[in-house]
Amino acid sequence: MLKKNLLADIKAYGISNLFAVGVIAFDKYVIVDSHVNVGGIFVFSEFIIVPMLMGIISAWFWRNAGLTSRELTGKSFINGIITIALASIFLGEGSICLIIVSPLLFGSIISGALIGRAMFRRNNNTLNTSIVGLMLVVFVADSLSEHHYENMVSDTIIVNATPQQVWKNVVAFKRIKEKNKYWLFKIGMPSPVESTVEGYYLGAKRKCIFSNGYTFDEKIVTYDENKNLTFAITNQPRDPEIMGHIDIEQGQFLLKDNGNGTTTLIGNSWYKLYVFPTWYYDTWAQSITRNVHLRVMEHIKELSETK
Amino acid sequence: MFRFVTRYIGFLKSVPTLGWLFDGLLKLWAFFTQPALLDWMDEIETEVLKWKRTTSTIHKYGGMQFNYNSKEIGHIHSNGLLDMLLNRSVKAQLMLDGRISDHHTFKNTGWISFYIHSAEDKDYALALLELGYKRLAIKLPD
C-alpha cells in the first residue's frame, strides 16, 4: 500500500511538472514566438491555468488514494516547491522573482488539485473533458493575444531646501548608507545606492548603481536646471530578477519651488511589464518602484537639508 | 485578511479562476496555521453527503459547496467561513444567539456567515446546514 502511494506521488509530481515544462516550452517556442511582438512574455495562463491543470493532473494520480483535504493540500504544496525548484534551475529565475510568483503557483496548484478531486469523484468524463478543454482553450487564446503594458509611478516629497540646493543632489548623489526599510530590499533585492554623472549638461551619461553592483546606464534627455531632470535608460543590467520581466524606460525628477525655502520633489519612473496578469505583477512593480524612489528621494532630502 | 480582500478587491472575483486561486491560498494558510480546520471541513462534507439528494461541488468563487437537488444549501470557504441562505425569521432567531452574523457581502438578506474555529463550531455548522437542507427539502420536495 505504502509502495503504491509512493508511486502515485512520484507520478503526480513527475507528470504534472513534465506537463508544465512541455506546455511552457510549446508556448514559448511554438505559439508565442510565431506571434507578432509578444516573444519572451509570460502570460496570465502560464501562472494560473497551467498550475491549475498541474493540480488536476496530480489529483488524477491520487484519485484512489483517499486523501483528506489536509493531505491533498500538503502534497500540492510539495508539488509547488518542486515547480519552483525547476523554475529556478531551468528558467534561471532569481529568488525574489520566485517569492513573487509563489502565491500564484501555490494557490493555483492547490485549487487545481481540489477541482480535480471533485471532478474524479463524480467520474463524469464528458464534464471533466469539458473543464480541461475549456482551460486549454483559454490558455491558447491568452497566449495568442497581444500583451502590452506600460505604466508610470510617481512619488512626491517635500524637501526643506531651495531648488538650487536640491538640484545638485538630484543629478548625482553620494553613496546611501541608510539601512533599508523595505522588506524586499532587506531579504536581498538590490536597492539603489549611488548615482554618478559625467557632467551637468544635456546628453551627459549617468549611472544608477545598485547594492549588488549592477548598474543602470542612463542618458540625460531633459536638463532644465533646478526644474526638470529626465533621463532615458540606455542599458539595464542582466539581472535574473528583472531580465525579461520588466524594462525601466525612463526616470525623471521634477523640482517645484514652493516659494518658502522648500521644494516639492517629484520622482517619476516609466516601465514596461512582460509578465501577466498585470493586476498581480503591476502591484509588485509599483511597490518596488515606489520604494526605489523613496530610498533615493529621502537620501536627496537628507543631503539637501544638511547645512 | 479575508475581510480586507472581500471588501477592497472583492470585485476581482468576477475574473475567471481568481476566486479559486484565492481559496487555494486560504487552504494553504489553514494547512500551516490550523490544520484541524481542514479535517473538520472534510467531516462536514462526509456528514452532509449522507443526507438524501445532496452533492458537493466547488463553489464558483472558491470553497466547498453543498447542494440539495442541485440547489445550493451553502458553501464553506477554506478559512472556515460558512455562508448559507436561511429564511429571514430563522436567521433573526439565530442572530439573537450571537453566533452567526450577516453574510459578509449580502447584508439584510437571509444569507448568514459563520466562522468555524473549533470542533464545537463544526457541529454548529452542521446544524446550520441541516436547517438549510430542511428548508430546501420542504421547498423542493422529491
# chains A, B, ... in the order shown; residues from 1 in each chain; ligands from 1
$ closest_atom_pairs --of "chain A" --to "chain B" --cutoff "10 Å" --atoms "only C-alpha atoms" --output "JSON lines"
{"residue": "A:Ile48", "atom": "CA", "partner": "B:Leu21", "partner_atom": "CA", "distance": 7.9}
{"residue": "A:Ile49", "atom": "CA", "partner": "B:Thr17", "partner_atom": "CA", "distance": 8.2}
{"residue": "A:Met52", "atom": "CA", "partner": "B:Leu21", "partner_atom": "CA", "distance": 8.6}
{"residue": "A:Thr68", "atom": "CA", "partner": "B:Asp42", "partner_atom": "CA", "distance": 7.0}
{"residue": "A:Ser69", "atom": "CA", "partner": "B:Leu38", "partner_atom": "CA", "distance": 5.8}
{"residue": "A:Arg70", "atom": "CA", "partner": "B:Leu38", "partner_atom": "CA", "distance": 5.6}
{"residue": "A:Glu71", "atom": "CA", "partner": "B:Phe31", "partner_atom": "CA", "distance": 9.2}
{"residue": "A:Thr73", "atom": "CA", "partner": "B:Leu28", "partner_atom": "CA", "distance": 6.5}
{"residue": "A:Gly74", "atom": "CA", "partner": "B:Phe31", "partner_atom": "CA", "distance": 7.3}
{"residue": "A:Ser76", "atom": "CA", "partner": "B:Leu28", "partner_atom": "CA", "distance": 9.2}
{"residue": "A:Phe77", "atom": "CA", "partner": "B:Leu28", "partner_atom": "CA", "distance": 7.6}
{"residue": "A:Pro103", "atom": "CA", "partner": "B:Leu25", "partner_atom": "CA", "distance": 7.1}
{"residue": "A:Leu104", "atom": "CA", "partner": "B:Leu21", "partner_atom": "CA", "distance": 7.2}
{"residue": "A:Leu105", "atom": "CA", "partner": "B:Leu21", "partner_atom": "CA", "distance": 8.9}
{"residue": "A:Phe106", "atom": "CA", "partner": "B:Leu25", "partner_atom": "CA", "distance": 6.8}
{"residue": "A:Gly107", "atom": "CA", "partner": "B:Gly24", "partner_atom": "CA", "distance": 4.3}
{"residue": "A:Ser108", "atom": "CA", "partner": "B:Leu21", "partner_atom": "CA", "distance": 5.0}
{"residue": "A:Ile109", "atom": "CA", "partner": "B:Gly24", "partner_atom": "CA", "distance": 7.7}
{"residue": "A:Ile110", "atom": "CA", "partner": "B:Gly24", "partner_atom": "CA", "distance": 5.1}
{"residue": "A:Ser111", "atom": "CA", "partner": "B:Gly24", "partner_atom": "CA", "distance": 4.6}
{"residue": "A:Gly112", "atom": "CA", "partner": "B:Trp20", "partner_atom": "CA", "distance": 8.3}
{"residue": "A:Ala113", "atom": "CA", "partner": "B:Gly24", "partner_atom": "CA", "distance": 9.2}
{"residue": "A:Leu114", "atom": "CA", "partner": "B:Ile58", "partner_atom": "CA", "distance": 8.0}
{"residue": "A:Ile115", "atom": "CA", "partner": "B:Ile58", "partner_atom": "CA", "distance": 6.6}
{"residue": "A:Gly116", "atom": "CA", "partner": "B:Ile58", "partner_atom": "CA", "distance": 10.0}
{"residue": "A:Arg117", "atom": "CA", "partner": "B:Ile58", "partner_atom": "CA", "distance": 9.9}
{"residue": "A:Ala118", "atom": "CA", "partner": "B:Thr57", "partner_atom": "CA", "distance": 6.5}
{"residue": "A:Met119", "atom": "CA", "partner": "B:Thr57", "partner_atom": "CA", "distance": 8.7}
{"residue": "A:Arg122", "atom": "CA", "partner": "B:Thr57", "partner_atom": "CA", "distance": 9.4}
{"residue": "A:Met135", "atom": "CA", "partner": "B:Thr17", "partner_atom": "CA", "distance": 10.0}
{"residue": "A:Trp279", "atom": "CA", "partner": "B:Leu12", "partner_atom": "CA", "distance": 9.2}
$ residues_around --residues "segment 290-294 of chain A" --least-positions-apart "6" --cutoff "8 Å" --atoms "only C-alpha atoms" --output "ChimeraX atom specification"
/A:153-155,182,191-192,267-268
$ residues_around --residues "segment 272-276 of chain A" --least-positions-apart "3" --cutoff "6 Å" --atoms "only C-alpha atoms" --output "VMD selection string"
chain A and resid 41 to 44 149 to 150 245 to 247
$ residues_around --residues "segment 106-121 of chain B" --least-positions-apart "3" --cutoff "8 Å" --atoms "only C-alpha atoms" --output "list of chain:residue names"
B:Leu37, B:Trp40, B:Gly80, B:Leu81, B:Leu82, B:Asp83, B:Met84, B:Leu85, B:Leu86, B:Asn87, B:Arg88, B:Lys91, B:Arg99, B:Ile100, B:Ser101, B:Asp102, B:His103, B:Tyr124, B:Ala125
$ write_last_selection --atoms "C-alpha atoms" --output "tab-separated table (two decimals), in the first residue's frame"
chain	number	residue	atom	x	y	z
B	37	LEU	CA	-9.91	23.06	10.21
B	40	TRP	CA	-13.43	19.47	10.21
B	80	GLY	CA	-13.68	28.02	7.66
B	81	LEU	CA	-16.28	30.62	6.75
B	82	LEU	CA	-19.68	29.05	6.17
B	83	ASP	CA	-22.05	31.13	4.02
B	84	MET	CA	-25.61	29.97	3.57
B	85	LEU	CA	-29.16	31.06	2.98
B	86	LEU	CA	-31.86	30.67	5.63
B	87	ASN	CA	-35.31	32.11	5.76
B	88	ARG	CA	-35.32	35.51	7.41
B	91	LYS	CA	-31.97	33.98	10.68
B	99	ARG	CA	-23.07	33.01	16.96
B	100	ILE	CA	-23.93	33.83	13.37
B	101	SER	CA	-23.64	37.17	11.59
B	102	ASP	CA	-24.95	38.86	8.49
B	103	HIS	CA	-23.37	37.49	5.32
B	124	TYR	CA	-22.92	24.06	14.92
B	125	ALA	CA	-22.07	24.49	11.21
$ select_by_dssp --residues "segment 25-98 of chain B" --states "strand (DSSP E or B)" --output "JSON, numbers by chain"
{"B": [54, 55, 56, 57, 58, 64, 65, 66, 67, 68, 71, 72, 73, 74, 75, 76, 81, 82, 83, 84, 85]}
$ write_last_selection --atoms "C-alpha atoms" --output "compact mmCIF listing (two decimals), in the first residue's frame"
# COMPACT_ATOMS: atom_id res chain seq x y z
CA THR B 54 -27.04 16.07 -1.63
CA THR B 55 -23.88 16.66 -3.62
CA SER B 56 -20.73 18.69 -3.05
CA THR B 57 -19.13 20.83 -5.75
CA ILE B 58 -16.54 23.57 -5.99
CA MET B 64 -16.79 23.64 -0.94
CA GLN B 65 -20.44 24.00 -1.93
CA PHE B 66 -23.23 21.72 -0.72
CA ASN B 67 -26.31 21.23 -2.85
CA TYR B 68 -29.72 19.67 -2.50
CA LYS B 71 -29.71 23.88 -5.45
CA GLU B 72 -27.12 25.41 -3.12
CA ILE B 73 -27.56 24.80 0.60
CA GLY B 74 -24.41 26.73 1.47
CA HIS B 75 -20.66 26.82 0.98
CA ILE B 76 -17.57 26.85 3.16
CA LEU B 81 -16.28 30.62 6.75
CA LEU B 82 -19.68 29.05 6.17
CA ASP B 83 -22.05 31.13 4.02
CA MET B 84 -25.61 29.97 3.57
CA LEU B 85 -29.16 31.06 2.98
$ closest_residue --among "A:Val166, A:Met152, A:Leu72, A:Leu202" --to "Glu249 of chain A" --atoms "only C-alpha atoms"
A:Met152
$ closest_residue --among "B:Leu49, B:Asn69, B:His77, B:Ala127" --to "Leu94 of chain B" --atoms "only C-alpha atoms"
B:Ala127
$ atom_distance --atom1 "atom CA of Asp239 of chain A" --atom2 "atom CA of Gly199 of chain A"
27.3 Å
$ residues_around --residues "segment 220-229 of chain A" --least-positions-apart "2" --cutoff "7 Å" --atoms "only C-alpha atoms" --output "MDAnalysis selection string"
chainID A and resid 163:164 167 201:205 218 231:232 252:256
$ write_last_selection --atoms "C-alpha atoms" --output "PDB file, in the first residue's frame"
ATOM      1  CA  PRO A 163      15.575  74.008  -5.657  1.00  0.00           C
ATOM      2  CA  GLN A 164      19.192  75.181  -6.174  1.00  0.00           C
ATOM      3  CA  TRP A 167      19.308  70.144  -7.813  1.00  0.00           C
ATOM      4  CA  TYR A 201      24.571  69.093 -19.143  1.00  0.00           C
ATOM      5  CA  LEU A 202      22.072  67.715 -21.650  1.00  0.00           C
ATOM      6  CA  GLY A 203      23.211  64.404 -23.127  1.00  0.00           C
ATOM      7  CA  ALA A 204      25.524  63.574 -20.207  1.00  0.00           C
ATOM      8  CA  LYS A 205      25.792  59.925 -19.258  1.00  0.00           C
ATOM      9  CA  GLU A 218      21.285  56.423 -18.356  1.00  0.00           C
ATOM     10  CA  PHE A 231      16.935  60.513 -18.225  1.00  0.00           C
ATOM     11  CA  ALA A 232      16.417  57.617 -20.606  1.00  0.00           C
ATOM     12  CA  GLN A 252      12.508  61.867 -14.044  1.00  0.00           C
ATOM     13  CA  PHE A 253      12.943  64.296 -11.156  1.00  0.00           C
ATOM     14  CA  LEU A 254      10.778  67.405 -11.121  1.00  0.00           C
ATOM     15  CA  LEU A 255      11.510  70.224  -8.693  1.00  0.00           C
ATOM     16  CA  LYS A 256       8.881  72.792  -7.777  1.00  0.00           C
TER      17      LYS A 256
END
$ atom_distance --atom1 "atom CA of Ser195 of chain A" --atom2 "atom CA of Cys208 of chain A"
4.5 Å
$ atom_distance --atom1 "atom CA of Asp282 of chain A" --atom2 "atom CA of Ile99 of chain A"
15.0 Å
